[in-house]
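Here's the structure we're looking at; comments come further down.
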Amino acid sequence: SVGPDHANTIDALNGLAFVYFTRGEFDRADAPLREALRAARTHGDDELKRVSDLTANLHVARQQNGDYEEALTLLQESAALSARLPDYDPDDNAIVQGNMAVLLSDMGRHEEALQMRRDALAHWQSAYPPGSPMSVNALMGYGLQLHEVGRPEEGLPYIQESVDLYRSIAESESEPYQLVGALISYGTVLTAADRTTQAAEVLGEAQRLVEASLPPSTSLSARLASAQAGLFQARGEWDAAVRAADRAVETFAAAGRADADGVGWTLATKARALIEGGQRDEALAALRRARAIFSDRYGDAHPAVSTMDSLRAVARS
């Protein structure tokens with residue numbers, strides 16, 4: 001027997017966790033990862049890389065299970081361990097900053113997330129030529145984070161640059177998926193910046209690409225319908241907004257592992273349109289469902305829950 005602390009046992013436990021990851025069973029990945037991490041730590045600095053990797057994997061499991069505080073602590077621990085490795089690569093730190101920005105944003109800590117995005121973008125732009133894949137992703141991430149902190153106009157130039165680069169990549173590789181996602185994000189932020197005519201053009205391009213190259217029940221199709229609902233709502237087309245929101249929620253469900261946040265924010269868009277259209281009972285029903293989604297994922301103190309409560313107060317007034 002190789003024993004519970006042997007490297008082969010640690011690898012087997014990590015492999016089991018990976019199987020659970022691929023199935024979306026993140027709660028079941030928790031125990032084998034904790035056992036693997038305990039065993040790896042008994043080897044001290046000889047297993048520094050393995051401990052760092054396992055800590056990062058456990059952070060993913062905790063994040064997916066909604067324990068954002070522990071996930072953030074684990075990600076910080078993993079980054080600190082990586083920095084002690086003899087072959088430490090500054091790229092790794094920029095990747096961690098991007099992951100940390102996602103976590104902080106999920107926790108409602110958008111200004112801190114913006115700083116992480118800014119630092120990551122600065123690294124990729126200084127270390128690689130313009131148009132490198134990581135730089136393109138970082139441009140989009142920074143632009144979207146500016147939107148998250150309520151500065152969509154400032155985010156638009158970064159997002160547009162990213163979209164232009166994704167478009168050139170799609171043309172050379174005949175691979176539209178990233179471009180579609182980028183166009184949906186661009187249209188969403190254009191809507192938030194009250195540039196609805198341009199948003200309609202951008203989302204129209206996304207629609208044409210989806211119809212030409214994607215199956216109907218994908219998460220991208222759902223995101224597109226949600227963005228269209230937001231655009232209709234911004235233009236005062238209440239009935240069209242409700243129909244697009246319903247289509248988005250149905251498509252999120254049909255696409256498999258549901259994007260809970262996507263469903264929650266789509267229901268909020270639907271509720272805004274229903275309130276404007278005078279259908280307050282239906283709006284309250286949508287908001288109850290949205291509030292439950294965000295409360296279950298993040299707890300009642302999260303800003304998204306406060307937003308749902310504010311909308312419920314408007315619906316009742």
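If you're wondering about the labels, chains in the structure tokens are A, B, ... by order shown, residues count from 1 in each chain, ligands from 1 in order shown.
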Open item on the list: Residues near Met107 in chain A, anyone? I mean within 12 Å using only C-alpha atoms, not counting same-chain ones fewer than 2 positions away, as a VMD selection string.
Closed with: chain A and resid 63 66 to 72 100 to 105 109 to 113 294 to 295 297 to 305
TODO: Mind checking which residues fall within 10 Å of Ala193 in chain A, counting only C-alpha atoms, ignoring those fewer than 5 positions away in the same chain, and posting them as a PyMOL selection string?
DONE: chain A and resi 147+150-156+187-188+199
- [ ] If you run DSSP over the backbone, which residues in range 47-200 of chain A end up helix (DSSP H, G or I)? Put them as a VMD selection string.
- [x] chain A and resid 47 to 64 68 to 82 90 to 106 110 to 127 133 to 148 152 to 173 177 to 192 196 to 200
If we count only C-alpha atoms, what is near Ala7 in chain A at a cut-off of 10 Å, once residues fewer than 6 positions away on the same chain are taken out, given as an mmCIF file with N, CA, C and O atoms, in the first residue's frame?
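Dumped everything to around-v4.cif:
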```cif
data_model
loop_
_atom_site.group_PDB
_atom_site.id
_atom_site.type_symbol
_atom_site.label_atom_id
_atom_site.label_comp_id
_atom_site.auth_asym_id
_atom_site.auth_seq_id
_atom_site.Cartn_x
_atom_site.Cartn_y
_atom_site.Cartn_z
ATOM 1 N N LEU A 13 -6.836 11.400 -5.579
ATOM 2 C CA LEU A 13 -7.890 12.227 -4.977
ATOM 3 C C LEU A 13 -8.183 13.452 -5.843
ATOM 4 O O LEU A 13 -9.337 13.827 -6.056
ATOM 5 N N ALA A 36 -6.691 15.543 -0.119
ATOM 6 C CA ALA A 36 -5.462 15.642 -0.904
ATOM 7 C C ALA A 36 -4.584 16.781 -0.397
ATOM 8 O O ALA A 36 -3.357 16.650 -0.294
ATOM 9 N N ALA A 39 -2.876 15.847 2.859
ATOM 10 C CA ALA A 39 -1.764 14.938 2.619
ATOM 11 C C ALA A 39 -0.574 15.664 1.998
ATOM 12 O O ALA A 39 0.582 15.455 2.392
ATOM 13 N N ALA A 40 -0.837 16.532 1.036
ATOM 14 C CA ALA A 40 0.253 17.248 0.364
ATOM 15 C C ALA A 40 1.015 18.140 1.339
ATOM 16 O O ALA A 40 2.234 18.296 1.222
ATOM 17 N N HIS A 43 4.192 17.022 3.279
ATOM 18 C CA HIS A 43 5.489 16.935 2.596
ATOM 19 C C HIS A 43 6.263 18.253 2.637
ATOM 20 O O HIS A 43 7.367 18.335 2.095
ATOM 21 N N GLU A 47 6.479 19.727 -1.740
ATOM 22 C CA GLU A 47 5.243 19.639 -2.531
ATOM 23 C C GLU A 47 4.564 21.001 -2.673
ATOM 24 O O GLU A 47 3.345 21.092 -2.764
ATOM 25 N N ARG A 50 2.316 21.339 -5.731
ATOM 26 C CA ARG A 50 1.095 20.537 -5.614
ATOM 27 C C ARG A 50 0.122 21.174 -4.623
ATOM 28 O O ARG A 50 -1.087 21.228 -4.873
#
```
Task: Which residue of A:Thr251, A:Ser226, A:Thr196, A:Gln125 approaches Thr266 in chain A most closely, using only C-alpha atoms - done: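 Among the listed residues, the smallest separation from Thr266 in chain A belongs to A:Ser226.
Residues surrounding range 210-217 of chain A within 9 Å are A:Pro176, A:Tyr177, A:Val180, A:Glu205, A:Ala206, A:Ser221, A:Ala222, A:Leu224, A:Glu250, A:Thr251, A:Phe252, A:Ala253, A:Ala254, A:Ala255, A:Gly256 [only C-alpha atoms; sequence separation below 4 positions excluded].
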Open item on the list: Applying 10 Å and only C-alpha atoms, which residues near Thr191 in chain A remain after dropping the ones on its own chain fewer than 3 positions away? List them as a list in words.
Closed with: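 The residues satisfying every condition are Pro152, Ser185, Tyr186, Gly187, Thr188, Asp194, Arg195, Thr196, Thr197, Gln198, Ala199, Ala200, Ala227, Gln228, Gly230, Leu231, Phe232, Gln233, Ala234 and Arg235 of chain A.
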- [ ] Using CA of Gly131 in chain A and CA of Gly262 in chain A as the two end points, give the distance in Å to one decimal.
- [x]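 Interatomic distance here is 28.7 Å.
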Residues at most 6 Å from Ala94 in chain A, counting only C-alpha atoms, excluding those fewer than 3 positions away in the same chain, as a PDB file with all heavy atoms, in the first residue's frame?
```
ATOM      1  N   ASP A  91       3.012  35.761 -15.382  1.00  0.00           N
ATOM      2  CA  ASP A  91       1.727  35.517 -16.040  1.00  0.00           C
ATOM      3  C   ASP A  91       0.731  34.876 -15.078  1.00  0.00           C
ATOM      4  O   ASP A  91      -0.472  35.155 -15.127  1.00  0.00           O
ATOM      5  CB  ASP A  91       1.897  34.600 -17.255  1.00  0.00           C
ATOM      6  CG  ASP A  91       2.493  35.315 -18.458  1.00  0.00           C
ATOM      7  OD1 ASP A  91       2.853  36.503 -18.330  1.00  0.00           O
ATOM      8  OD2 ASP A  91       2.606  34.674 -19.518  1.00  0.00           O
ATOM      9  N   GLN A  97      -5.169  37.395 -10.742  1.00  0.00           N
ATOM     10  CA  GLN A  97      -5.865  38.680 -10.599  1.00  0.00           C
ATOM     11  C   GLN A  97      -7.200  38.671 -11.333  1.00  0.00           C
ATOM     12  O   GLN A  97      -8.202  39.183 -10.833  1.00  0.00           O
ATOM     13  CB  GLN A  97      -4.972  39.814 -11.111  1.00  0.00           C
ATOM     14  CG  GLN A  97      -3.825  40.137 -10.167  1.00  0.00           C
ATOM     15  CD  GLN A  97      -2.837  41.123 -10.776  1.00  0.00           C
ATOM     16  OE1 GLN A  97      -2.605  41.135 -11.987  1.00  0.00           O
ATOM     17  NE2 GLN A  97      -2.244  41.954  -9.935  1.00  0.00           N
ATOM     18  N   ALA A 120      -4.182  43.442 -14.043  1.00  0.00           N
ATOM     19  CA  ALA A 120      -4.010  42.328 -14.977  1.00  0.00           C
ATOM     20  C   ALA A 120      -3.849  42.847 -16.402  1.00  0.00           C
ATOM     21  O   ALA A 120      -2.976  42.385 -17.152  1.00  0.00           O
ATOM     22  CB  ALA A 120      -5.196  41.373 -14.882  1.00  0.00           C
TER      23      ALA A 120
END
```
